[in-house]
file structure_13.pdb (PDB, C-alpha atoms and all ligand atoms)
MODEL        1
ATOM      1  CA  MET A   1      -5.483 -65.174  26.151
ATOM      2  CA  ASN A   2      -5.963 -62.130  28.390
ATOM      3  CA  LEU A   3      -3.008 -60.075  29.670
ATOM      4  CA  VAL A   4      -3.259 -61.423  33.224
ATOM      5  CA  ASP A   5      -3.286 -65.111  32.282
ATOM      6  CA  ALA A   6      -0.491 -64.504  29.758
ATOM      7  CA  ALA A   7       1.581 -62.802  32.486
ATOM      8  CA  TYR A   8       1.154 -65.704  34.919
ATOM      9  CA  ASP A   9       2.126 -68.087  32.097
ATOM     10  CA  ARG A  10       5.239 -65.997  31.362
ATOM     11  CA  ALA A  11       6.175 -66.004  35.039
ATOM     12  CA  GLY A  12       5.773 -69.800  35.172
ATOM     13  CA  ALA A  13       7.773 -70.353  31.989
ATOM     14  CA  SER A  14      10.643 -68.224  33.339
ATOM     15  CA  ASP A  15      10.568 -69.856  36.806
ATOM     16  CA  PHE A  16       9.741 -66.548  38.436
ATOM     17  CA  PRO A  17       7.909 -67.372  41.681
ATOM     18  CA  MET A  18       7.347 -63.878  43.111
ATOM     19  CA  SER A  19       4.405 -62.570  41.089
ATOM     20  CA  CYS A  20       1.543 -61.089  43.068
ATOM     21  CA  GLU A  21      -1.282 -63.454  43.959
ATOM     22  CA  ARG A  22      -4.623 -63.172  42.150
ATOM     23  CA  PRO A  23      -6.477 -61.549  45.099
ATOM     24  CA  VAL A  24      -3.737 -58.886  45.292
ATOM     25  CA  GLY A  25      -3.984 -58.342  41.547
ATOM     26  CA  GLN A  26      -7.766 -58.021  41.750
ATOM     27  CA  LEU A  27      -7.373 -55.265  44.333
ATOM     28  CA  LEU A  28      -4.798 -53.520  42.111
ATOM     29  CA  ALA A  29      -7.235 -53.683  39.196
ATOM     30  CA  ALA A  30     -10.048 -52.212  41.295
ATOM     31  CA  LEU A  31      -7.836 -49.370  42.511
ATOM     32  CA  ALA A  32      -6.465 -48.671  39.018
ATOM     33  CA  ALA A  33     -10.026 -48.276  37.760
ATOM     34  CA  GLY A  34     -10.503 -45.438  40.268
ATOM     35  CA  VAL A  35      -7.446 -43.393  39.298
ATOM     36  CA  ARG A  36      -8.416 -39.919  38.057
ATOM     37  CA  PRO A  37      -8.177 -39.048  34.342
ATOM     38  CA  GLY A  38      -4.621 -37.821  33.743
ATOM     39  CA  GLY A  39      -3.408 -39.809  36.746
ATOM     40  CA  ASN A  40      -0.196 -41.789  37.132
ATOM     41  CA  ILE A  41       0.316 -45.304  38.458
ATOM     42  CA  LEU A  42       3.669 -46.716  39.593
ATOM     43  CA  GLU A  43       4.780 -50.261  40.329
ATOM     44  CA  LEU A  44       8.135 -50.898  41.985
ATOM     45  CA  GLY A  45       9.375 -54.345  40.910
ATOM     46  CA  THR A  46       7.974 -55.454  37.542
ATOM     47  CA  GLY A  47       8.971 -59.107  37.797
ATOM     48  CA  ALA A  48       7.358 -60.952  34.882
ATOM     49  CA  GLY A  49       4.699 -58.258  34.471
ATOM     50  CA  VAL A  50       1.825 -59.794  36.428
ATOM     51  CA  GLY A  51       1.177 -56.646  38.491
ATOM     52  CA  VAL A  52       1.222 -54.482  35.352
ATOM     53  CA  ALA A  53      -1.226 -56.861  33.687
ATOM     54  CA  TRP A  54      -3.665 -56.522  36.602
ATOM     55  CA  LEU A  55      -3.350 -52.721  36.586
ATOM     56  CA  VAL A  56      -3.992 -52.599  32.836
ATOM     57  CA  SER A  57      -6.941 -54.981  33.182
ATOM     58  CA  GLY A  58      -8.470 -52.597  35.732
ATOM     59  CA  LEU A  59      -8.106 -49.687  33.330
ATOM     60  CA  GLY A  60     -10.096 -51.508  30.637
ATOM     61  CA  GLU A  61     -10.498 -49.267  27.599
ATOM     62  CA  ARG A  62      -9.075 -46.201  29.349
ATOM     63  CA  THR A  63      -5.964 -44.569  27.942
ATOM     64  CA  ASP A  64      -6.022 -41.411  30.087
ATOM     65  CA  VAL A  65      -3.514 -42.590  32.726
ATOM     66  CA  THR A  66       0.114 -43.694  32.725
ATOM     67  CA  VAL A  67       1.446 -46.941  34.217
ATOM     68  CA  THR A  68       5.177 -46.949  34.981
ATOM     69  CA  SER A  69       6.887 -50.055  36.323
ATOM     70  CA  ILE A  70      10.498 -50.232  37.483
ATOM     71  CA  GLU A  71      12.656 -53.375  37.477
ATOM     72  CA  LEU A  72      16.270 -53.628  38.576
ATOM     73  CA  ASP A  73      17.022 -56.963  36.910
ATOM     74  CA  PRO A  74      17.320 -56.600  33.103
ATOM     75  CA  GLU A  75      16.596 -60.301  32.511
ATOM     76  CA  ARG A  76      13.317 -60.089  34.396
ATOM     77  CA  ALA A  77      12.472 -56.828  32.678
ATOM     78  CA  ALA A  78      13.017 -58.575  29.341
ATOM     79  CA  VAL A  79      10.504 -61.265  30.304
ATOM     80  CA  ALA A  80       7.849 -58.639  31.073
ATOM     81  CA  ALA A  81       8.711 -56.773  27.871
ATOM     82  CA  LYS A  82       7.687 -59.805  25.774
ATOM     83  CA  GLU A  83       4.082 -58.625  26.082
ATOM     84  CA  THR A  84       2.613 -56.002  23.746
ATOM     85  CA  TRP A  85       1.472 -53.462  26.338
ATOM     86  CA  PRO A  86      -0.773 -50.459  25.728
ATOM     87  CA  SER A  87       1.208 -47.347  24.817
ATOM     88  CA  TYR A  88       0.594 -45.714  28.214
ATOM     89  CA  VAL A  89       2.675 -48.480  29.888
ATOM     90  CA  ASP A  90       6.313 -47.546  30.500
ATOM     91  CA  LEU A  91       8.556 -50.415  31.656
ATOM     92  CA  ARG A  92      11.901 -49.160  32.887
ATOM     93  CA  VAL A  93      15.083 -50.966  33.883
ATOM     94  CA  ALA A  94      16.306 -48.980  36.880
ATOM     95  CA  ASP A  95      16.822 -49.061  40.600
ATOM     96  CA  ALA A  96      13.578 -48.045  42.269
ATOM     97  CA  LEU A  97      15.509 -45.860  44.697
ATOM     98  CA  THR A  98      17.122 -43.888  41.887
ATOM     99  CA  PHE A  99      13.776 -43.472  40.158
ATOM    100  CA  LEU A 100      12.011 -42.380  43.354
ATOM    101  CA  ALA A 101      14.613 -39.698  44.055
ATOM    102  CA  THR A 102      13.016 -37.527  41.335
ATOM    103  CA  ALA A 103       9.398 -38.660  41.690
ATOM    104  CA  ALA A 104       8.116 -36.638  44.633
ATOM    105  CA  GLY A 105       4.366 -36.024  44.521
ATOM    106  CA  ALA A 106       3.968 -37.651  41.095
ATOM    107  CA  PHE A 107       1.765 -40.722  41.620
ATOM    108  CA  ASP A 108      -1.888 -41.414  42.351
ATOM    109  CA  LEU A 109      -1.438 -45.149  42.950
ATOM    110  CA  ILE A 110       1.759 -47.003  43.873
ATOM    111  CA  PHE A 111       2.267 -50.744  44.252
ATOM    112  CA  ALA A 112       5.563 -51.004  46.181
ATOM    113  CA  ASP A 113       6.631 -54.573  45.470
ATOM    114  CA  ALA A 114      10.446 -54.414  45.432
ATOM    115  CA  GLN A 115      12.979 -54.271  48.206
ATOM    116  CA  GLY A 116      13.945 -50.809  46.904
ATOM    117  CA  GLY A 117      11.092 -48.525  47.866
ATOM    118  CA  LYS A 118       9.571 -50.983  50.352
ATOM    119  CA  SER A 119      11.966 -52.301  52.976
ATOM    120  CA  GLU A 120      14.576 -49.724  51.872
ATOM    121  CA  GLY A 121      13.598 -46.170  51.030
ATOM    122  CA  LEU A 122       9.921 -46.490  51.956
ATOM    123  CA  ASP A 123      10.040 -42.782  52.850
ATOM    124  CA  LEU A 124      10.810 -41.997  49.180
ATOM    125  CA  THR A 125       7.829 -44.071  48.054
ATOM    126  CA  ILE A 126       5.523 -42.264  50.464
ATOM    127  CA  ALA A 127       6.916 -38.950  49.205
ATOM    128  CA  ALA A 128       6.128 -40.018  45.612
ATOM    129  CA  LEU A 129       2.389 -40.091  46.393
ATOM    130  CA  ARG A 130       0.215 -37.159  45.420
ATOM    131  CA  PRO A 131      -2.187 -35.873  48.058
ATOM    132  CA  ARG A 132      -4.966 -38.516  48.279
ATOM    133  CA  GLY A 133      -2.716 -40.984  46.462
ATOM    134  CA  ILE A 134      -2.912 -44.646  47.475
ATOM    135  CA  LEU A 135       0.001 -46.925  48.368
ATOM    136  CA  VAL A 136      -0.401 -50.707  48.278
ATOM    137  CA  VAL A 137       1.988 -53.274  49.713
ATOM    138  CA  ASP A 138       1.495 -57.036  49.891
ATOM    139  CA  ASP A 139       3.326 -59.960  51.548
ATOM    140  CA  MET A 140       2.457 -58.436  54.906
ATOM    141  CA  ARG A 141       1.321 -61.709  56.520
ATOM    142  CA  THR A 142       4.139 -63.230  58.586
ATOM    143  CA  VAL A 143       5.240 -66.683  57.468
ATOM    144  CA  GLU A 144       6.379 -68.615  60.532
ATOM    145  CA  ASP A 145       9.409 -70.288  58.962
ATOM    146  CA  TRP A 146      10.770 -67.052  57.459
ATOM    147  CA  PRO A 147      14.235 -66.069  58.696
ATOM    148  CA  GLU A 148      14.040 -63.652  61.633
ATOM    149  CA  GLU A 149      15.624 -60.921  59.495
ATOM    150  CA  PHE A 150      12.675 -61.079  57.020
ATOM    151  CA  LYS A 151      10.177 -60.830  59.849
ATOM    152  CA  VAL A 152      11.904 -57.782  61.308
ATOM    153  CA  ARG A 153      12.012 -56.094  57.886
ATOM    154  CA  GLN A 154       8.350 -56.833  57.254
ATOM    155  CA  ASP A 155       7.348 -55.479  60.653
ATOM    156  CA  GLY A 156       9.348 -52.319  59.970
ATOM    157  CA  VAL A 157       7.375 -51.720  56.757
ATOM    158  CA  ARG A 158       4.057 -52.405  58.487
ATOM    159  CA  ARG A 159       4.794 -50.082  61.379
ATOM    160  CA  THR A 160       6.059 -47.278  59.163
ATOM    161  CA  LEU A 161       2.835 -47.377  57.143
ATOM    162  CA  VAL A 162       0.424 -47.783  60.034
ATOM    163  CA  GLU A 163       2.074 -45.128  62.181
ATOM    164  CA  HIS A 164       2.976 -42.586  59.479
ATOM    165  CA  PRO A 165       1.514 -39.137  60.227
ATOM    166  CA  HIS A 166       0.760 -38.412  56.543
ATOM    167  CA  LEU A 167      -0.975 -41.724  55.857
ATOM    168  CA  VAL A 168      -4.304 -43.259  56.738
ATOM    169  CA  SER A 169      -3.613 -47.005  56.630
ATOM    170  CA  VAL A 170      -5.561 -50.220  56.920
ATOM    171  CA  GLU A 171      -4.170 -53.737  57.322
ATOM    172  CA  LEU A 172      -6.101 -56.184  55.146
ATOM    173  CA  ASP A 173      -6.277 -59.938  55.630
ATOM    174  CA  HIS A 174      -6.409 -60.321  51.862
ATOM    175  CA  GLY A 175      -4.119 -62.298  49.550
ATOM    176  CA  SER A 176      -0.640 -62.431  51.052
ATOM    177  CA  GLY A 177      -1.642 -59.834  53.673
ATOM    178  CA  MET A 178      -1.765 -56.221  52.581
ATOM    179  CA  VAL A 179      -1.492 -52.701  53.869
ATOM    180  CA  LEU A 180      -3.365 -50.025  51.945
ATOM    181  CA  SER A 181      -2.508 -46.415  52.780
ATOM    182  CA  THR A 182      -3.984 -43.126  51.555
ATOM    183  CA  HIS A 183      -1.873 -39.978  51.656
ATOM    184  CA  ARG A 184      -3.773 -37.260  53.540
TER     185      ARG A 184
HETATM  186  C1  LIG A 201       7.958 -59.462  44.223
HETATM  187  S1  LIG A 201       8.762 -59.244  42.709
HETATM  188  C2  LIG A 201       7.687 -58.216  41.780
HETATM  189  C3  LIG A 201       6.451 -58.904  41.288
HETATM  190  C4  LIG A 201       5.540 -58.016  40.473
HETATM  191  N1  LIG A 201       5.300 -56.745  41.147
HETATM  192  C5  LIG A 201       4.228 -58.703  40.247
HETATM  193  O1  LIG A 201       3.244 -58.369  40.901
HETATM  194  O2  LIG A 201       4.180 -59.605  39.406
HETATM  195  C6  LIG A 201      10.038 -58.104  43.140
HETATM  196  C7  LIG A 201      10.845 -57.605  41.960
HETATM  197  O3  LIG A 201      11.546 -56.426  42.398
HETATM  198  C8  LIG A 201      12.790 -56.401  41.750
HETATM  199  N2  LIG A 201      13.659 -55.506  42.525
HETATM  200  C9  LIG A 201      14.363 -55.766  43.664
HETATM  201  N3  LIG A 201      14.999 -54.671  44.097
HETATM  202  C10 LIG A 201      14.687 -53.684  43.216
HETATM  203  C11 LIG A 201      15.025 -52.305  43.118
HETATM  204  N4  LIG A 201      15.837 -51.738  44.014
HETATM  205  N5  LIG A 201      14.517 -51.587  42.101
HETATM  206  C12 LIG A 201      13.689 -52.153  41.184
HETATM  207  N6  LIG A 201      13.334 -53.464  41.223
HETATM  208  C13 LIG A 201      13.820 -54.207  42.216
HETATM  209  C14 LIG A 201      13.232 -57.846  41.731
HETATM  210  O4  LIG A 201      14.202 -58.070  40.726
HETATM  211  C15 LIG A 201      11.901 -58.562  41.470
HETATM  212  O5  LIG A 201      11.718 -58.786  40.094
ENDMDL
END
call {"tool": "encode", "arguments": {"input": "structure_13.pdb", "output": "structure tokens", "more": "lines below"}}
Ligand SMILES: C[S@@+](CC[C@H](N)C(=O)[O-])C[C@H]1O[C@@H](n2cnc3c(N)ncnc32)[C@H](O)[C@@H]1O
result
Amino acid sequence: MNLVDAAYDRAGASDFPMSCERPVGQLLAALAAGVRPGGNILELGTGAGVGVAWLVSGLGERTDVTVTSIELDPERAAVAAKETWPSYVDLRVADALTFLATAAGAFDLIFADAQGGKSEGLDLTIAALRPRGILVVDDMRTVEDWPEEFKVRQDGVRRTLVEHPHLVSVELDHGSGMVLSTHR
């Protein structure tokens, strides 16, 4: 079984419902394939490892990049760690905000998929991009029956990205709704 299908199976078996949707993963794979040799990819929020699996699938046979993924919850991190990942994959149990505090300018591609680094500390995530680095967020389509607080948080993320002076952003009606931003 390929890494992506195995990751969705792992998520299902551990009752983890928050993995990225397939269209989001396909975009991650396409963007990972374009990361420069020697480049670095970061995911905030590993979950069951679905996002990592898509990133690795996009890299194919390449081994000239790093993929780092940060997960706060050790039990979830342990689920993702059941896979045998390529050696360039580094799964860390940490708070994304702590990690980001020392990551300025380090990453070519970031998938910000955790509360830490997305709805809190988004400025640190933006600062972790290299010039011309790409930031991806999903779950940007409003769900009508969400609590008002969620909607406000989501709109805050969207506005920050779309209006940020260092970013060129596009809102995509793709998967769960995405914003893709390139650091100038
Ligand atoms: C939407 S899920 C991630 C799904 C994963 N990116 C994927 O595509 O399969 C969000 C994850 O972020 C984790 N998380 C929440 N706050 C965090 C933080 N401050 N630092 C790191 N991980 C965090 C949660 O435990 C959860 O597993």
call {"tool": "residues_near_ligand", "arguments": {"input": "structure_13.pdb", "ligand": "ligand LIG 201 (chain A)", "cutoff": "10 Å", "atoms": "all atoms listed in the file", "output": "number ranges by chain"}}
result
A: 4, 7-8, 11, 16-22, 24-25, 28, 43-55, 69-77, 80, 92-100, 111-121, 137-139
call {"tool": "atom_distance", "arguments": {"input": "structure_13.pdb", "atom1": "CA of Ala33 (chain A)", "atom2": "CA of Gly58 (chain A)"}}
result
5.0 Å
call {"tool": "atom_distance", "arguments": {"input": "structure_13.pdb", "atom1": "CA of His164 (chain A)", "atom2": "CA of Trp146 (chain A)"}}
result
25.8 Å
call {"tool": "atom_distance", "arguments": {"input": "structure_13.pdb", "atom1": "CA of Pro165 (chain A)", "atom2": "CA of Asp108 (chain A)"}}
result
18.3 Å
call {"tool": "closest_residue", "arguments": {"input": "structure_13.pdb", "among": "A:Arg130, A:Arg10, A:His174, A:Arg141", "to": "Arg158 (chain A)", "atoms": "all atoms listed in the file"}}
result
A:Arg141
call {"tool": "residues_near_point", "arguments": {"input": "structure_13.pdb", "point": "(-8.0, -41.5, 34.2)", "cutoff": "7 Å", "atoms": "all atoms listed in the file", "output": "list in words"}}
result
Val35, Arg36, Pro37, Gly38, Gly39, Arg62, Asp64 and Val65 of chain A
call {"tool": "closest_residue", "arguments": {"input": "structure_13.pdb", "among": "A:Trp85, A:Ala128, A:Thr63, A:Val79", "to": "Thr102 (chain A)", "atoms": "only C-alpha atoms"}}
result
A:Ala128
call {"tool": "residues_around", "arguments": {"input": "structure_13.pdb", "residues": "Val143 (chain A)", "least_positions_apart": "3", "cutoff": "12 Å", "atoms": "all atoms listed in the file", "output": "ChimeraX atom specification"}}
result
/A:139-140,146-148,150-152,154-155,176-177
call {"tool": "resolve_selection", "arguments": {"input": "structure_13.pdb", "expression": "the PyMOL selection byres (((chain A and resi 131) around 9) and not hetatm)", "output": "list of chain:residue names"}}
result
A:Gly105, A:Phe107, A:Asp108, A:Leu129, A:Arg130, A:Arg132, A:Gly133, A:Ile134, A:Thr182, A:His183, A:Arg184
call {"tool": "residues_around", "arguments": {"input": "structure_13.pdb", "residues": "Asp90 (chain A)", "least_positions_apart": "6", "cutoff": "8 Å", "atoms": "all atoms listed in the file", "output": "PyMOL selection string"}}
result
chain A and resi 66-69
call {"tool": "resolve_selection", "arguments": {"input": "structure_13.pdb", "expression": "the PyMOL selection byres (((chain A and resi 168) around 6) and not hetatm)", "output": "PDB file with C-alpha atoms, in the coordinates of the input"}}
result
ATOM      1  CA  LEU A 167      -0.975 -41.724  55.857  1.00  0.00           C
ATOM      2  CA  SER A 169      -3.613 -47.005  56.630  1.00  0.00           C
ATOM      3  CA  SER A 181      -2.508 -46.415  52.780  1.00  0.00           C
ATOM      4  CA  THR A 182      -3.984 -43.126  51.555  1.00  0.00           C
TER       5      THR A 182
END
call {"tool": "resolve_selection", "arguments": {"input": "structure_13.pdb", "expression": "the PyMOL selection byres (((chain A and resi 179) around 6) and not hetatm)", "output": "list in words"}}
result
Val137, Val170, Glu171, Leu172, Met178 and Leu180 of chain A
call {"tool": "decode", "arguments": {"input": "structure_13.pdb", "residues": "region 8-19 of chain A", "atoms": "all heavy atoms", "output": "PDB file, in the first residue's frame"}}
result
ATOM      1  N   TYR A   8      -4.110   7.469   5.475  1.00  0.00           N
ATOM      2  CA  TYR A   8      -5.559   7.615   5.685  1.00  0.00           C
ATOM      3  C   TYR A   8      -6.105   6.430   6.489  1.00  0.00           C
ATOM      4  O   TYR A   8      -6.974   6.602   7.359  1.00  0.00           O
ATOM      5  CB  TYR A   8      -6.307   7.740   4.352  1.00  0.00           C
ATOM      6  CG  TYR A   8      -6.236   9.131   3.746  1.00  0.00           C
ATOM      7  CD1 TYR A   8      -5.575   9.368   2.552  1.00  0.00           C
ATOM      8  CD2 TYR A   8      -6.853  10.219   4.374  1.00  0.00           C
ATOM      9  CE1 TYR A   8      -5.509  10.643   1.988  1.00  0.00           C
ATOM     10  CE2 TYR A   8      -6.798  11.501   3.823  1.00  0.00           C
ATOM     11  CZ  TYR A   8      -6.124  11.707   2.626  1.00  0.00           C
ATOM     12  OH  TYR A   8      -6.061  12.965   2.085  1.00  0.00           O
ATOM     13  N   ASP A   9      -5.585   5.238   6.232  1.00  0.00           N
ATOM     14  CA  ASP A   9      -6.023   4.059   6.999  1.00  0.00           C
ATOM     15  C   ASP A   9      -5.667   4.221   8.478  1.00  0.00           C
ATOM     16  O   ASP A   9      -6.465   3.912   9.366  1.00  0.00           O
ATOM     17  CB  ASP A   9      -5.336   2.789   6.479  1.00  0.00           C
ATOM     18  CG  ASP A   9      -6.039   2.244   5.250  1.00  0.00           C
ATOM     19  OD1 ASP A   9      -7.000   2.905   4.780  1.00  0.00           O
ATOM     20  OD2 ASP A   9      -5.624   1.182   4.756  1.00  0.00           O
ATOM     21  N   ARG A  10      -4.453   4.719   8.737  1.00  0.00           N
ATOM     22  CA  ARG A  10      -4.005   4.918  10.128  1.00  0.00           C
ATOM     23  C   ARG A  10      -4.888   5.941  10.835  1.00  0.00           C
ATOM     24  O   ARG A  10      -5.270   5.777  11.979  1.00  0.00           O
ATOM     25  CB  ARG A  10      -2.571   5.452  10.100  1.00  0.00           C
ATOM     26  CG  ARG A  10      -1.586   4.665  10.847  1.00  0.00           C
ATOM     27  CD  ARG A  10      -0.187   5.181  10.847  1.00  0.00           C
ATOM     28  NE  ARG A  10       0.085   6.438  10.231  1.00  0.00           N
ATOM     29  CZ  ARG A  10       0.665   6.591   9.036  1.00  0.00           C
ATOM     30  NH1 ARG A  10       1.041   5.550   8.338  1.00  0.00           N
ATOM     31  NH2 ARG A  10       0.877   7.791   8.543  1.00  0.00           N
ATOM     32  N   ALA A  11      -5.216   7.008  10.092  1.00  0.00           N
ATOM     33  CA  ALA A  11      -6.081   8.047  10.671  1.00  0.00           C
ATOM     34  C   ALA A  11      -7.439   7.449  11.017  1.00  0.00           C
ATOM     35  O   ALA A  11      -7.982   7.687  12.103  1.00  0.00           O
ATOM     36  CB  ALA A  11      -6.226   9.206   9.691  1.00  0.00           C
ATOM     37  N   GLY A  12      -7.987   6.643  10.093  1.00  0.00           N
ATOM     38  CA  GLY A  12      -9.298   6.014  10.337  1.00  0.00           C
ATOM     39  C   GLY A  12      -9.247   5.083  11.535  1.00  0.00           C
ATOM     40  O   GLY A  12     -10.113   5.125  12.420  1.00  0.00           O
ATOM     41  N   ALA A  13      -8.200   4.268  11.595  1.00  0.00           N
ATOM     42  CA  ALA A  13      -8.081   3.276  12.672  1.00  0.00           C
ATOM     43  C   ALA A  13      -7.911   3.952  14.030  1.00  0.00           C
ATOM     44  O   ALA A  13      -8.260   3.379  15.064  1.00  0.00           O
ATOM     45  CB  ALA A  13      -6.899   2.353  12.399  1.00  0.00           C
ATOM     46  N   SER A  14      -7.381   5.179  14.046  1.00  0.00           N
ATOM     47  CA  SER A  14      -7.173   5.856  15.338  1.00  0.00           C
ATOM     48  C   SER A  14      -8.251   6.919  15.586  1.00  0.00           C
ATOM     49  O   SER A  14      -8.092   7.762  16.474  1.00  0.00           O
ATOM     50  CB  SER A  14      -5.771   6.479  15.405  1.00  0.00           C
ATOM     51  OG  SER A  14      -5.622   7.433  14.379  1.00  0.00           O
ATOM     52  N   ASP A  15      -9.324   6.853  14.776  1.00  0.00           N
ATOM     53  CA  ASP A  15     -10.444   7.811  14.933  1.00  0.00           C
ATOM     54  C   ASP A  15      -9.972   9.251  14.900  1.00  0.00           C
ATOM     55  O   ASP A  15     -10.420  10.073  15.703  1.00  0.00           O
ATOM     56  CB  ASP A  15     -11.211   7.560  16.250  1.00  0.00           C
ATOM     57  CG  ASP A  15     -12.063   6.318  16.157  1.00  0.00           C
ATOM     58  OD1 ASP A  15     -12.577   6.047  15.065  1.00  0.00           O
ATOM     59  OD2 ASP A  15     -12.188   5.617  17.186  1.00  0.00           O
ATOM     60  N   PHE A  16      -9.047   9.533  14.000  1.00  0.00           N
ATOM     61  CA  PHE A  16      -8.558  10.908  13.869  1.00  0.00           C
ATOM     62  C   PHE A  16      -9.231  11.526  12.635  1.00  0.00           C
ATOM     63  O   PHE A  16      -8.948  11.143  11.496  1.00  0.00           O
ATOM     64  CB  PHE A  16      -7.027  10.907  13.707  1.00  0.00           C
ATOM     65  CG  PHE A  16      -6.460  12.296  13.575  1.00  0.00           C
ATOM     66  CD1 PHE A  16      -6.403  13.145  14.667  1.00  0.00           C
ATOM     67  CD2 PHE A  16      -6.007  12.768  12.343  1.00  0.00           C
ATOM     68  CE1 PHE A  16      -5.902  14.425  14.547  1.00  0.00           C
ATOM     69  CE2 PHE A  16      -5.502  14.054  12.220  1.00  0.00           C
ATOM     70  CZ  PHE A  16      -5.456  14.873  13.324  1.00  0.00           C
ATOM     71  N   PRO A  17     -10.132  12.485  12.845  1.00  0.00           N
ATOM     72  CA  PRO A  17     -10.962  12.953  11.724  1.00  0.00           C
ATOM     73  C   PRO A  17     -10.423  14.211  11.020  1.00  0.00           C
ATOM     74  O   PRO A  17     -11.083  14.738  10.142  1.00  0.00           O
ATOM     75  CB  PRO A  17     -12.282  13.302  12.427  1.00  0.00           C
ATOM     76  CG  PRO A  17     -11.861  13.773  13.794  1.00  0.00           C
ATOM     77  CD  PRO A  17     -10.566  13.044  14.129  1.00  0.00           C
ATOM     78  N   MET A  18      -9.238  14.679  11.406  1.00  0.00           N
ATOM     79  CA  MET A  18      -8.821  16.014  10.940  1.00  0.00           C
ATOM     80  C   MET A  18      -7.735  15.990   9.860  1.00  0.00           C
ATOM     81  O   MET A  18      -7.090  17.004   9.600  1.00  0.00           O
ATOM     82  CB  MET A  18      -8.333  16.842  12.138  1.00  0.00           C
ATOM     83  CG  MET A  18      -9.420  17.158  13.145  1.00  0.00           C
ATOM     84  SD  MET A  18      -8.866  18.340  14.384  1.00  0.00           S
ATOM     85  CE  MET A  18      -7.814  17.346  15.408  1.00  0.00           C
ATOM     86  N   SER A  19      -7.524  14.836   9.253  1.00  0.00           N
ATOM     87  CA  SER A  19      -6.494  14.775   8.201  1.00  0.00           C
ATOM     88  C   SER A  19      -6.895  15.642   7.024  1.00  0.00           C
ATOM     89  O   SER A  19      -8.084  15.838   6.751  1.00  0.00           O
ATOM     90  CB  SER A  19      -6.339  13.334   7.709  1.00  0.00           C
ATOM     91  OG  SER A  19      -5.961  12.504   8.778  1.00  0.00           O
TER      92      SER A  19
END
